[in-house]
>>> print(open('run-v2.pdb').read())   # PDB, C-alpha atoms (C1' of nucleotides)
ATOM      1  CA  MET G   1      -2.838  -4.588   1.168
ATOM      2  CA  GLN G   2      -1.643  -4.531  -2.411
ATOM      3  CA  ILE G   3       1.624  -4.573  -4.276
ATOM      4  CA  THR G   4       2.456  -1.256  -5.908
ATOM      5  CA  ARG G   5       2.394  -0.602  -9.609
ATOM      6  CA  GLU G   6       6.179  -0.471  -9.485
ATOM      7  CA  THR G   7       6.275  -4.055  -8.261
ATOM      8  CA  ASP G   8       3.755  -5.144 -10.843
ATOM      9  CA  TYR G   9       5.967  -3.582 -13.519
ATOM     10  CA  ALA G  10       8.973  -5.391 -12.090
ATOM     11  CA  ILE G  11       7.189  -8.707 -12.389
ATOM     12  CA  ARG G  12       6.132  -8.030 -15.984
ATOM     13  CA  CYS G  13       9.671  -7.064 -16.715
ATOM     14  CA  VAL G  14      11.151 -10.259 -15.334
ATOM     15  CA  LEU G  15       8.501 -12.140 -17.255
ATOM     16  CA  TYR G  16       9.682 -10.554 -20.487
ATOM     17  CA  LEU G  17      13.258 -11.539 -19.795
ATOM     18  CA  VAL G  18      12.167 -15.080 -19.010
ATOM     19  CA  GLU G  19      10.355 -15.169 -22.336
ATOM     20  CA  ASN G  20      13.557 -14.137 -24.131
ATOM     21  CA  PRO G  21      16.170 -16.377 -22.577
ATOM     22  CA  GLY G  22      19.823 -15.610 -23.081
ATOM     23  CA  LYS G  23      19.336 -12.383 -25.016
ATOM     24  CA  VAL G  24      20.535  -9.022 -23.776
ATOM     25  CA  ILE G  25      17.530  -6.733 -23.962
ATOM     26  CA  MET G  26      17.238  -2.960 -23.863
ATOM     27  CA  VAL G  27      15.003  -1.046 -21.446
ATOM     28  CA  ASP G  28      13.108   0.313 -24.391
ATOM     29  CA  SER G  29      12.064  -3.077 -25.740
ATOM     30  CA  ILE G  30      10.706  -4.182 -22.383
ATOM     31  CA  ALA G  31       8.976  -0.849 -21.857
ATOM     32  CA  GLN G  32       7.201  -1.072 -25.172
ATOM     33  CA  ASP G  33       6.233  -4.702 -24.986
ATOM     34  CA  LYS G  34       5.008  -4.595 -21.405
ATOM     35  CA  ASP G  35       3.511  -1.107 -21.511
ATOM     36  CA  ILE G  36       5.692   0.450 -18.807
ATOM     37  CA  PRO G  37       6.948   4.075 -18.771
ATOM     38  CA  LYS G  38      10.549   3.843 -19.923
ATOM     39  CA  SER G  39      12.300   6.020 -17.378
ATOM     40  CA  PHE G  40      10.371   4.428 -14.551
ATOM     41  CA  LEU G  41      11.298   0.994 -15.804
ATOM     42  CA  SER G  42      14.891   2.058 -15.913
ATOM     43  CA  LYS G  43      14.723   2.722 -12.168
ATOM     44  CA  ILE G  44      13.076  -0.600 -11.573
ATOM     45  CA  LEU G  45      15.768  -2.435 -13.499
ATOM     46  CA  GLN G  46      18.357  -0.779 -11.314
ATOM     47  CA  LYS G  47      16.723  -2.321  -8.264
ATOM     48  CA  LEU G  48      16.501  -5.710  -9.939
ATOM     49  CA  THR G  49      20.161  -5.449 -10.809
ATOM     50  CA  ARG G  50      21.158  -4.637  -7.246
ATOM     51  CA  ALA G  51      19.121  -7.619  -6.080
ATOM     52  CA  ASP G  52      21.048  -9.753  -8.563
ATOM     53  CA  ILE G  53      17.915 -10.849 -10.340
ATOM     54  CA  VAL G  54      19.133  -9.397 -13.630
ATOM     55  CA  SER G  55      22.573  -8.372 -14.885
ATOM     56  CA  SER G  56      23.109  -5.177 -16.783
ATOM     57  CA  PHE G  57      25.447  -4.329 -19.651
ATOM     58  CA  ARG G  58      26.331  -0.745 -20.428
ATOM     59  CA  GLY G  59      27.309   0.923 -23.671
ATOM     60  CA  MET G  60      26.225   0.077 -27.187
ATOM     61  CA  LYS G  61      24.510  -3.293 -27.452
ATOM     62  CA  GLY G  62      23.918  -3.015 -23.736
ATOM     63  CA  GLY G  63      20.800  -4.041 -21.893
ATOM     64  CA  PHE G  64      19.667  -6.603 -19.379
ATOM     65  CA  LYS G  65      19.340 -10.325 -19.004
ATOM     66  CA  LEU G  66      18.368 -12.642 -16.185
ATOM     67  CA  SER G  67      21.197 -13.521 -13.876
ATOM     68  CA  LYS G  68      19.559 -16.728 -12.617
ATOM     69  CA  ASN G  69      17.464 -19.529 -13.935
ATOM     70  CA  PRO G  70      13.746 -18.774 -13.905
ATOM     71  CA  ASP G  71      13.207 -21.521 -11.353
ATOM     72  CA  GLN G  72      15.483 -19.623  -8.977
ATOM     73  CA  ILE G  73      13.348 -16.470  -9.149
ATOM     74  CA  SER G  74      10.013 -16.417  -7.366
ATOM     75  CA  LEU G  75       7.340 -13.769  -6.988
ATOM     76  CA  LEU G  76       8.672 -13.290  -3.473
ATOM     77  CA  THR G  77      12.167 -12.633  -4.798
ATOM     78  CA  VAL G  78      10.938  -9.858  -7.049
ATOM     79  CA  ILE G  79       8.482  -8.322  -4.607
ATOM     80  CA  GLU G  80      11.137  -8.148  -1.903
ATOM     81  CA  ALA G  81      13.655  -6.675  -4.302
ATOM     82  CA  ILE G  82      11.293  -3.783  -4.942
ATOM     83  CA  GLU G  83       9.335  -3.318  -1.717
ATOM     84  CA  GLY G  84      11.377  -5.000   0.974
ATOM     85  CA  PRO G  85       9.911  -7.615   3.325
ATOM     86  CA  VAL G  86       6.301  -8.677   2.759
ATOM     87  CA  THR G  87       3.801  -8.649   5.576
ATOM     88  CA  ILE G  88       0.128  -7.985   6.205
ATOM     89  CA  ASN G  89       0.737  -5.912   9.314
ATOM     90  CA  ARG G  90       3.916  -3.987  10.034
ATOM     91  CA  CYS G  91       4.017  -5.326  13.597
ATOM     92  CA  ALA G  92       4.931  -8.749  12.211
ATOM     93  CA  LEU G  93       8.248  -7.246  11.084
ATOM     94  CA  ASP G  94       9.040  -5.187  14.146
ATOM     95  CA  GLU G  95       7.172  -5.498  17.411
ATOM     96  CA  ASN G  96       8.385  -2.145  18.630
ATOM     97  CA  ILE G  97       6.225  -0.425  16.060
ATOM     98  CA  CYS G  98       3.124  -1.184  18.096
ATOM     99  CA  SER G  99       2.485   0.376  21.469
ATOM    100  CA  LEU G 100       0.542  -2.662  22.646
ATOM    101  CA  SER G 101       2.463  -5.476  21.049
ATOM    102  CA  ASN G 102       3.328  -7.417  24.167
ATOM    103  CA  SER G 103      -0.295  -7.756  25.238
ATOM    104  CA  CYS G 104      -1.755  -8.024  21.744
ATOM    105  CA  THR G 105      -3.535 -11.274  21.029
ATOM    106  CA  VAL G 106      -3.571 -10.626  17.282
ATOM    107  CA  HIS G 107       0.166 -10.258  16.946
ATOM    108  CA  PRO G 108       0.943 -13.992  16.654
ATOM    109  CA  VAL G 109      -1.666 -14.223  13.906
ATOM    110  CA  TRP G 110       0.087 -11.560  11.833
ATOM    111  CA  VAL G 111       3.365 -13.374  12.292
ATOM    112  CA  ALA G 112       1.818 -16.649  11.155
ATOM    113  CA  LEU G 113       0.167 -15.019   8.157
ATOM    114  CA  ARG G 114       3.400 -13.433   7.146
ATOM    115  CA  GLY G 115       4.947 -16.896   7.107
ATOM    116  CA  LYS G 116       2.151 -18.274   4.934
ATOM    117  CA  LEU G 117       2.406 -15.400   2.493
ATOM    118  CA  GLU G 118       6.146 -15.741   2.126
ATOM    119  CA  SER G 119       5.911 -19.431   1.634
ATOM    120  CA  TRP G 120       3.160 -19.147  -0.947
ATOM    121  CA  LEU G 121       4.878 -16.413  -2.915
ATOM    122  CA  SER G 122       8.170 -18.243  -2.968
ATOM    123  CA  GLN G 123       6.532 -21.376  -4.316
ATOM    124  CA  HIS G 124       5.611 -19.564  -7.498
ATOM    125  CA  THR G 125       8.750 -19.277  -9.556
ATOM    126  CA  PHE G 126       9.041 -17.795 -13.017
ATOM    127  CA  GLU G 127       9.633 -21.241 -14.385
ATOM    128  CA  GLY G 128       6.086 -22.161 -13.459
ATOM    129  CA  LEU G 129       4.773 -18.792 -14.563
ATOM    130  CA  THR G 130       5.569 -19.255 -18.224
ATOM    131  CA  ALA G 131       4.937 -22.922 -18.779
ATOM    132  CA  LYS G 132       3.898 -22.962 -22.448
ATOM    133  CA  ASP G 133       2.583 -26.498 -22.596
ATOM    134  CA  LYS G 134      -0.688 -27.505 -20.943
TER     135      LYS G 134
ATOM    136  CA  MET A   1       1.144  -4.966   0.786
ATOM    137  CA  GLN A   2       0.023  -3.990   4.243
ATOM    138  CA  ILE A   3      -3.157  -3.087   6.033
ATOM    139  CA  THR A   4      -3.385   0.596   6.892
ATOM    140  CA  ARG A   5      -3.171   2.033  10.356
ATOM    141  CA  GLU A   6      -6.880   2.750  10.144
ATOM    142  CA  THR A   7      -7.578  -0.955   9.703
ATOM    143  CA  ASP A   8      -5.235  -1.868  12.509
ATOM    144  CA  TYR A   9      -7.119   0.577  14.746
ATOM    145  CA  ALA A  10     -10.403  -0.968  13.670
ATOM    146  CA  ILE A  11      -9.177  -4.395  14.711
ATOM    147  CA  ARG A  12      -7.974  -3.137  18.102
ATOM    148  CA  CYS A  13     -11.299  -1.465  18.537
ATOM    149  CA  VAL A  14     -13.305  -4.607  17.837
ATOM    150  CA  LEU A  15     -10.964  -6.444  20.170
ATOM    151  CA  TYR A  16     -11.827  -4.019  22.955
ATOM    152  CA  LEU A  17     -15.537  -4.529  22.412
ATOM    153  CA  VAL A  18     -15.043  -8.285  22.449
ATOM    154  CA  GLU A  19     -13.222  -7.940  25.746
ATOM    155  CA  ASN A  20     -16.197  -6.044  27.196
ATOM    156  CA  PRO A  21     -19.149  -8.113  26.076
ATOM    157  CA  GLY A  22     -22.636  -6.654  26.324
ATOM    158  CA  LYS A  23     -21.584  -3.214  27.553
ATOM    159  CA  VAL A  24     -22.233  -0.048  25.594
ATOM    160  CA  ILE A  25     -18.889   1.695  25.355
ATOM    161  CA  MET A  26     -17.996   5.256  24.432
ATOM    162  CA  VAL A  27     -15.494   6.208  21.737
ATOM    163  CA  ASP A  28     -13.367   7.850  24.362
ATOM    164  CA  SER A  29     -12.881   4.707  26.422
ATOM    165  CA  ILE A  30     -11.767   2.696  23.426
ATOM    166  CA  ALA A  31      -9.526   5.498  22.217
ATOM    167  CA  GLN A  32      -7.765   5.706  25.544
ATOM    168  CA  ASP A  33      -7.411   2.000  26.186
ATOM    169  CA  LYS A  34      -6.231   1.142  22.677
ATOM    170  CA  ASP A  35      -4.168   4.272  22.049
ATOM    171  CA  ILE A  36      -6.106   5.570  19.040
ATOM    172  CA  PRO A  37      -6.743   9.256  18.194
ATOM    173  CA  LYS A  38     -10.324   9.862  19.293
ATOM    174  CA  SER A  39     -11.733  11.694  16.301
ATOM    175  CA  PHE A  40     -10.132   9.239  13.919
ATOM    176  CA  LEU A  41     -11.587   6.343  15.879
ATOM    177  CA  SER A  42     -14.949   7.987  15.674
ATOM    178  CA  LYS A  43     -14.764   7.803  11.860
ATOM    179  CA  ILE A  44     -13.669   4.201  12.035
ATOM    180  CA  LEU A  45     -16.603   3.292  14.254
ATOM    181  CA  GLN A  46     -18.921   4.823  11.703
ATOM    182  CA  LYS A  47     -17.587   2.418   9.094
ATOM    183  CA  LEU A  48     -17.889  -0.512  11.471
ATOM    184  CA  THR A  49     -21.458   0.520  12.183
ATOM    185  CA  ARG A  50     -22.370   0.711   8.496
ATOM    186  CA  ALA A  51     -20.848  -2.740   8.050
ATOM    187  CA  ASP A  52     -23.058  -3.945  10.890
ATOM    188  CA  ILE A  53     -20.138  -5.128  12.936
ATOM    189  CA  VAL A  54     -21.051  -2.821  15.810
ATOM    190  CA  SER A  55     -24.250  -1.009  16.709
ATOM    191  CA  SER A  56     -24.234   2.572  17.883
ATOM    192  CA  PHE A  57     -26.357   4.383  20.463
ATOM    193  CA  ARG A  58     -26.600   8.145  20.427
ATOM    194  CA  GLY A  59     -27.214  10.602  23.213
ATOM    195  CA  MET A  60     -26.289  10.324  26.860
ATOM    196  CA  LYS A  61     -25.187   6.845  27.893
ATOM    197  CA  GLY A  62     -24.612   6.250  24.221
ATOM    198  CA  GLY A  63     -21.720   4.382  22.691
ATOM    199  CA  PHE A  64     -21.047   1.190  20.804
ATOM    200  CA  LYS A  65     -21.337  -2.523  21.239
ATOM    201  CA  LEU A  66     -20.772  -5.525  19.011
ATOM    202  CA  SER A  67     -23.756  -6.423  16.894
ATOM    203  CA  LYS A  68     -22.682 -10.034  16.371
ATOM    204  CA  ASN A  69     -21.050 -12.790  18.319
ATOM    205  CA  PRO A  70     -17.252 -12.688  18.209
ATOM    206  CA  ASP A  71     -17.216 -15.971  16.321
ATOM    207  CA  GLN A  72     -19.166 -14.280  13.535
ATOM    208  CA  ILE A  73     -16.552 -11.568  13.085
ATOM    209  CA  SER A  74     -13.261 -12.437  11.418
ATOM    210  CA  LEU A  75     -10.194 -10.413  10.536
ATOM    211  CA  LEU A  76     -11.485 -10.474   6.977
ATOM    212  CA  THR A  77     -14.824  -8.990   8.043
ATOM    213  CA  VAL A  78     -13.139  -6.035   9.670
ATOM    214  CA  ILE A  79     -10.509  -5.478   7.002
ATOM    215  CA  GLU A  80     -13.138  -5.451   4.275
ATOM    216  CA  ALA A  81     -15.352  -3.101   6.255
ATOM    217  CA  ILE A  82     -12.540  -0.562   6.307
ATOM    218  CA  GLU A  83     -10.578  -1.137   3.107
ATOM    219  CA  GLY A  84     -12.936  -2.983   0.806
ATOM    220  CA  PRO A  85     -11.959  -6.237  -0.909
ATOM    221  CA  VAL A  86      -8.568  -7.718  -0.065
ATOM    222  CA  THR A  87      -6.128  -8.623  -2.794
ATOM    223  CA  ILE A  88      -2.424  -8.602  -3.467
ATOM    224  CA  ASN A  89      -2.744  -7.288  -7.002
ATOM    225  CA  ARG A  90      -5.600  -5.091  -8.207
ATOM    226  CA  CYS A  91      -5.964  -7.153 -11.370
ATOM    227  CA  ALA A  92      -7.399  -9.991  -9.266
ATOM    228  CA  LEU A  93     -10.395  -7.760  -8.572
ATOM    229  CA  ASP A  94     -10.887  -6.309 -12.016
ATOM    230  CA  GLU A  95      -9.138  -7.622 -15.100
ATOM    231  CA  ASN A  96      -9.820  -4.468 -17.058
ATOM    232  CA  ILE A  97      -7.368  -2.610 -14.891
ATOM    233  CA  CYS A  98      -4.474  -4.296 -16.634
ATOM    234  CA  SER A  99      -3.640  -3.648 -20.250
ATOM    235  CA  LEU A 100      -2.247  -7.140 -20.692
ATOM    236  CA  SER A 101      -4.581  -9.182 -18.556
ATOM    237  CA  ASN A 102      -5.785 -11.579 -21.196
ATOM    238  CA  SER A 103      -2.292 -12.718 -22.107
ATOM    239  CA  CYS A 104      -0.831 -12.463 -18.622
ATOM    240  CA  THR A 105       0.396 -15.725 -17.171
ATOM    241  CA  VAL A 106       0.599 -14.304 -13.662
ATOM    242  CA  HIS A 107      -3.022 -13.264 -13.488
ATOM    243  CA  PRO A 108      -4.394 -16.652 -12.408
ATOM    244  CA  VAL A 109      -1.801 -16.733  -9.656
ATOM    245  CA  TRP A 110      -3.062 -13.442  -8.215
ATOM    246  CA  VAL A 111      -6.606 -14.711  -8.341
ATOM    247  CA  ALA A 112      -5.605 -17.868  -6.492
ATOM    248  CA  LEU A 113      -3.658 -15.925  -3.904
ATOM    249  CA  ARG A 114      -6.587 -13.655  -3.308
ATOM    250  CA  GLY A 115      -8.654 -16.738  -2.521
ATOM    251  CA  LYS A 116      -6.037 -17.998  -0.088
ATOM    252  CA  LEU A 117      -5.787 -14.648   1.633
ATOM    253  CA  GLU A 118      -9.522 -14.419   2.090
ATOM    254  CA  SER A 119      -9.631 -17.913   3.416
ATOM    255  CA  TRP A 120      -6.757 -17.393   5.870
ATOM    256  CA  LEU A 121      -8.179 -14.136   7.159
ATOM    257  CA  SER A 122     -11.691 -15.443   7.576
ATOM    258  CA  GLN A 123     -10.472 -18.404   9.598
ATOM    259  CA  HIS A 124      -9.368 -16.096  12.373
ATOM    260  CA  THR A 125     -12.456 -14.925  14.217
ATOM    261  CA  PHE A 126     -12.479 -12.690  17.269
ATOM    262  CA  GLU A 127     -13.604 -15.635  19.315
ATOM    263  CA  GLY A 128     -10.261 -17.287  18.656
ATOM    264  CA  LEU A 129      -8.408 -14.019  19.073
ATOM    265  CA  THR A 130      -9.246 -13.560  22.712
ATOM    266  CA  ALA A 131      -9.255 -17.094  24.020
ATOM    267  CA  LYS A 132      -8.115 -16.572  27.610
ATOM    268  CA  ASP A 133      -7.441 -20.191  28.423
ATOM    269  CA  LYS A 134      -4.953 -21.938  26.234
TER     270      LYS A 134
ATOM    271  C1'  DC J   1      40.019   7.703 -30.894
ATOM    272  C1'  DA J   2      35.571   9.844 -31.579
ATOM    273  C1'  DT J   3      31.018   9.007 -31.248
ATOM    274  C1'  DA J   4      26.619   7.270 -30.567
ATOM    275  C1'  DA J   5      24.070   4.052 -27.974
ATOM    276  C1'  DA J   6      23.170   2.209 -24.048
ATOM    277  C1'  DC J   7      22.764   2.038 -18.582
ATOM    278  C1'  DG J   8      23.587   4.501 -13.586
ATOM    279  C1'  DA J   9      22.514   7.732 -10.110
ATOM    280  C1'  DG J  10      20.400  11.384  -7.939
ATOM    281  C1'  DA J  11      17.394  15.273  -7.679
ATOM    282  C1'  DC J  12      13.102  16.687  -8.624
ATOM    283  C1'  DT J  13       7.821  16.798  -9.180
ATOM    284  C1'  DA J  14       2.835  15.629  -9.413
ATOM    285  C1'  DA J  15      -0.800  12.776  -8.006
ATOM    286  C1'  DT J  16      -2.798   9.866  -4.768
ATOM    287  C1'  DT J  17      -3.491   7.871  -0.414
ATOM    288  C1'  DT J  18      -3.181   7.892   4.459
ATOM    289  C1'  DA J  19      -3.999   9.763   8.687
ATOM    290  C1'  DG J  20      -5.901  12.512  10.763
ATOM    291  C1'  DT J  21      -8.830  17.259  12.658
ATOM    292  C1'  DC J  22     -12.783  20.221  13.223
ATOM    293  C1'  DC J  23     -17.280  21.948  13.173
ATOM    294  C1'  DT J  24     -22.111  21.589  12.972
ATOM    295  C1'  DA J  25     -25.961  18.699  13.347
ATOM    296  C1'  DA J  26     -29.075  15.043  15.325
ATOM    297  C1'  DT J  27     -30.265  12.090  19.367
ATOM    298  C1'  DT J  28     -31.485  10.919  23.840
ATOM    299  C1'  DA J  29     -31.280  10.113  29.163
ATOM    300  C1'  DA J  30     -32.128  12.561  33.026
TER     301       DA J  30
ATOM    302  C1'  DT Y   1     -34.186  21.734  28.683
ATOM    303  C1'  DT Y   2     -29.700  20.485  28.713
ATOM    304  C1'  DA Y   3     -25.574  18.000  28.690
ATOM    305  C1'  DA Y   4     -23.575  13.990  26.763
ATOM    306  C1'  DT Y   5     -23.039  11.372  23.102
ATOM    307  C1'  DT Y   6     -22.738   9.766  18.019
ATOM    308  C1'  DA Y   7     -23.283  11.234  12.643
ATOM    309  C1'  DG Y   8     -21.621  13.408   8.789
ATOM    310  C1'  DG Y   9     -19.065  16.299   5.913
ATOM    311  C1'  DA Y  10     -15.480  19.437   4.838
ATOM    312  C1'  DC Y  11     -11.010  20.211   5.489
ATOM    313  C1'  DT Y  12      -5.771  19.583   6.085
ATOM    314  C1'  DA Y  13      -1.010  17.708   6.598
ATOM    315  C1'  DA Y  14       2.106  14.128   5.895
ATOM    316  C1'  DA Y  15       3.606  10.195   3.546
ATOM    317  C1'  DT Y  16       3.841   7.320  -0.300
ATOM    318  C1'  DT Y  17       3.501   6.314  -5.080
ATOM    319  C1'  DA Y  18       4.488   7.067  -9.623
ATOM    320  C1'  DG Y  19       6.767   8.976 -12.224
ATOM    321  C1'  DT Y  20      10.358  12.655 -15.024
ATOM    322  C1'  DC Y  21      14.739  14.861 -16.065
ATOM    323  C1'  DT Y  22      19.539  15.750 -16.359
ATOM    324  C1'  DC Y  23      23.966  14.596 -16.371
ATOM    325  C1'  DG Y  24      27.525  11.183 -16.003
ATOM    326  C1'  DT Y  25      29.733   6.619 -17.219
ATOM    327  C1'  DT Y  26      30.552   2.747 -20.099
ATOM    328  C1'  DT Y  27      31.484   0.437 -24.388
ATOM    329  C1'  DA Y  28      31.041  -1.413 -29.394
ATOM    330  C1'  DT Y  29      32.256   0.127 -33.596
ATOM    331  C1'  DG Y  30      33.875   2.800 -37.746
TER     332       DG Y  30
END
>>> encode(input="run-v2.pdb", output="structure tokens")
Amino acid sequence: MQITRETDYAIRCVLYLVENPGKVIMVDSIAQDKDIPKSFLSKILQKLTRADIVSSFRGMKGGFKLSKNPDQISLLTVIEAIEGPVTINRCALDENICSLSNSCTVHPVWVALRGKLESWLSQHTFEGLTAKDK
Amino acid sequence: MQITRETDYAIRCVLYLVENPGKVIMVDSIAQDKDIPKSFLSKILQKLTRADIVSSFRGMKGGFKLSKNPDQISLLTVIEAIEGPVTINRCALDENICSLSNSCTVHPVWVALRGKLESWLSQHTFEGLTAKDK
DNA sequence: CATAAACGAGACTAATTTAGTCCTAATTAA
DNA sequence: TTAATTAGGACTAAATTAGTCTCGTTTATG
């Protein structure tokens, strides 16, 4: 029922990049600031890069920066980049998984909940997540 | 991010008992009808019994029946009986888990989402889940 | 152009959780 | 008394999570 630690790390990581707009930042800086094992974070950043959430730069002075505006990146974006589709019950993704799906009266509820979850998670963008004022 | 198979089985199991109101039903019948490994189901029913969702009867003619009305049992009730508290991120249950929790801007979002989840899941009772008419 | 500082990719491993099984009680209707 | 049923605990196998490690590629810079 929970996101994995990997996903939590990914979110912290994006948060750090949001907090340092424009700069190209090394894995090591993020790892230290956000308390994430460096080599694990390096894997996570690869996934974020493939999902086009961050862009990477190799070689000296390399590192990562956001490839979108914070308001274009939501919790859903990041979670899906790491874990794939979100859902409470697997059957809401693929009916064939369940031997009783056609007769199951709970199935439509899982589908509806999946919709709510997605919608809620996508409403929280990283713009909102770092609002300094207030 | 998902409920476990055990929890899914538990829900099917409660569903079966709701569909057979009043009767005392053996593990084996539920296992066969709902396609659940019998000895695993037996463990699950123990949890449901401890959570006072079903009552058990030992000895010949023994079995299980619901110990509440279907409208008093929600998806949340059953999920919590099997998995414990629901949450998307562990930090919403216990701040101390996270090394950065006090400064974390995402934390309040997880807490809010946990509230939403609980509310969504508790709105779906087993009364609603088997409505035959429509 | 050599080199050191970065990321990229894949194989590997350890720990934890999930998904069960199995065996020995304890109960109880008949 | 016995056969049918649940209770409980120990055990196991498979899958997932949470990493590590090594080697290769890229690139700024002296």
>>> resolve_selection(input="run-v2.pdb", expression="the PyMOL selection byres ((chain G) within 6 of (chain A))", output="VMD selection string")
chain G and resid 1 to 3 88 to 89 105 129
>>> write_last_selection(input="run-v2.pdb", atoms="C-alpha atoms", output="short mmCIF file (atom, residue, chain, number, x, y, z; two decimals), keeping the file's coordinate frame")
data_model
loop_
_atom_site.label_atom_id
_atom_site.label_comp_id
_atom_site.auth_asym_id
_atom_site.auth_seq_id
_atom_site.Cartn_x
_atom_site.Cartn_y
_atom_site.Cartn_z
CA MET G 1 -2.84 -4.59 1.17
CA GLN G 2 -1.64 -4.53 -2.41
CA ILE G 3 1.62 -4.57 -4.28
CA ILE G 88 0.13 -7.98 6.20
CA ASN G 89 0.74 -5.91 9.31
CA THR G 105 -3.54 -11.27 21.03
CA LEU G 129 4.77 -18.79 -14.56
#
>>> interface_residues(input="run-v2.pdb", of="chain Y", to="chain A", cutoff="9 Å", atoms="only C-alpha atoms (C1' of nucleotides)", output="list of chain:residue names")
Y:DA3, Y:DA4, Y:DT5, Y:DT6, Y:DA7
>>> interface_residues(input="run-v2.pdb", of="chain J", to="chain A", cutoff="10 Å", atoms="only C-alpha atoms (C1' of nucleotides)", output="list in words")
DT18, DA19, DG20, DT21, DC22, DA26, DT27, DT28, DA29 and DA30 of chain J
>>> atom_distance(input="run-v2.pdb", atom1="CA of Gly22 in chain A", atom2="CA of Ile44 in chain A")
20.1 Å
>>> atom_distance(input="run-v2.pdb", atom1="CA of Asp94 in chain G", atom2="CA of Arg114 in chain G")
12.2 Å
>>> atom_distance(input="run-v2.pdb", atom1="CA of Ser67 in chain G", atom2="CA of Lys47 in chain G")
13.3 Å
>>> resolve_selection(input="run-v2.pdb", expression="the PyMOL selection byres ((chain Y and resi 25) around 10)", output="number ranges by chain")
G: 58-59; J: 7-8; Y: 23-24, 26-27
>>> residues_around(input="run-v2.pdb", residues="Asn20 in chain G", least_positions_apart="5", cutoff="10 Å", atoms="only C-alpha atoms (C1' of nucleotides)", output="JSON, numbers by chain")
{"G": [14, 15, 25, 65, 66]}
>>> resolve_selection(input="run-v2.pdb", expression="the PyMOL selection byres ((chain J and resi 3) around 10)", output="tab-separated table (two decimals) with C-alpha atoms (C1' of nucleotides), keeping the file's coordinate frame")
chain	number	residue	atom	x	y	z
J	1	DC	C1'	40.02	7.70	-30.89
J	2	DA	C1'	35.57	9.84	-31.58
J	4	DA	C1'	26.62	7.27	-30.57
J	5	DA	C1'	24.07	4.05	-27.97
Y	29	DT	C1'	32.26	0.13	-33.60
Y	30	DG	C1'	33.88	2.80	-37.75
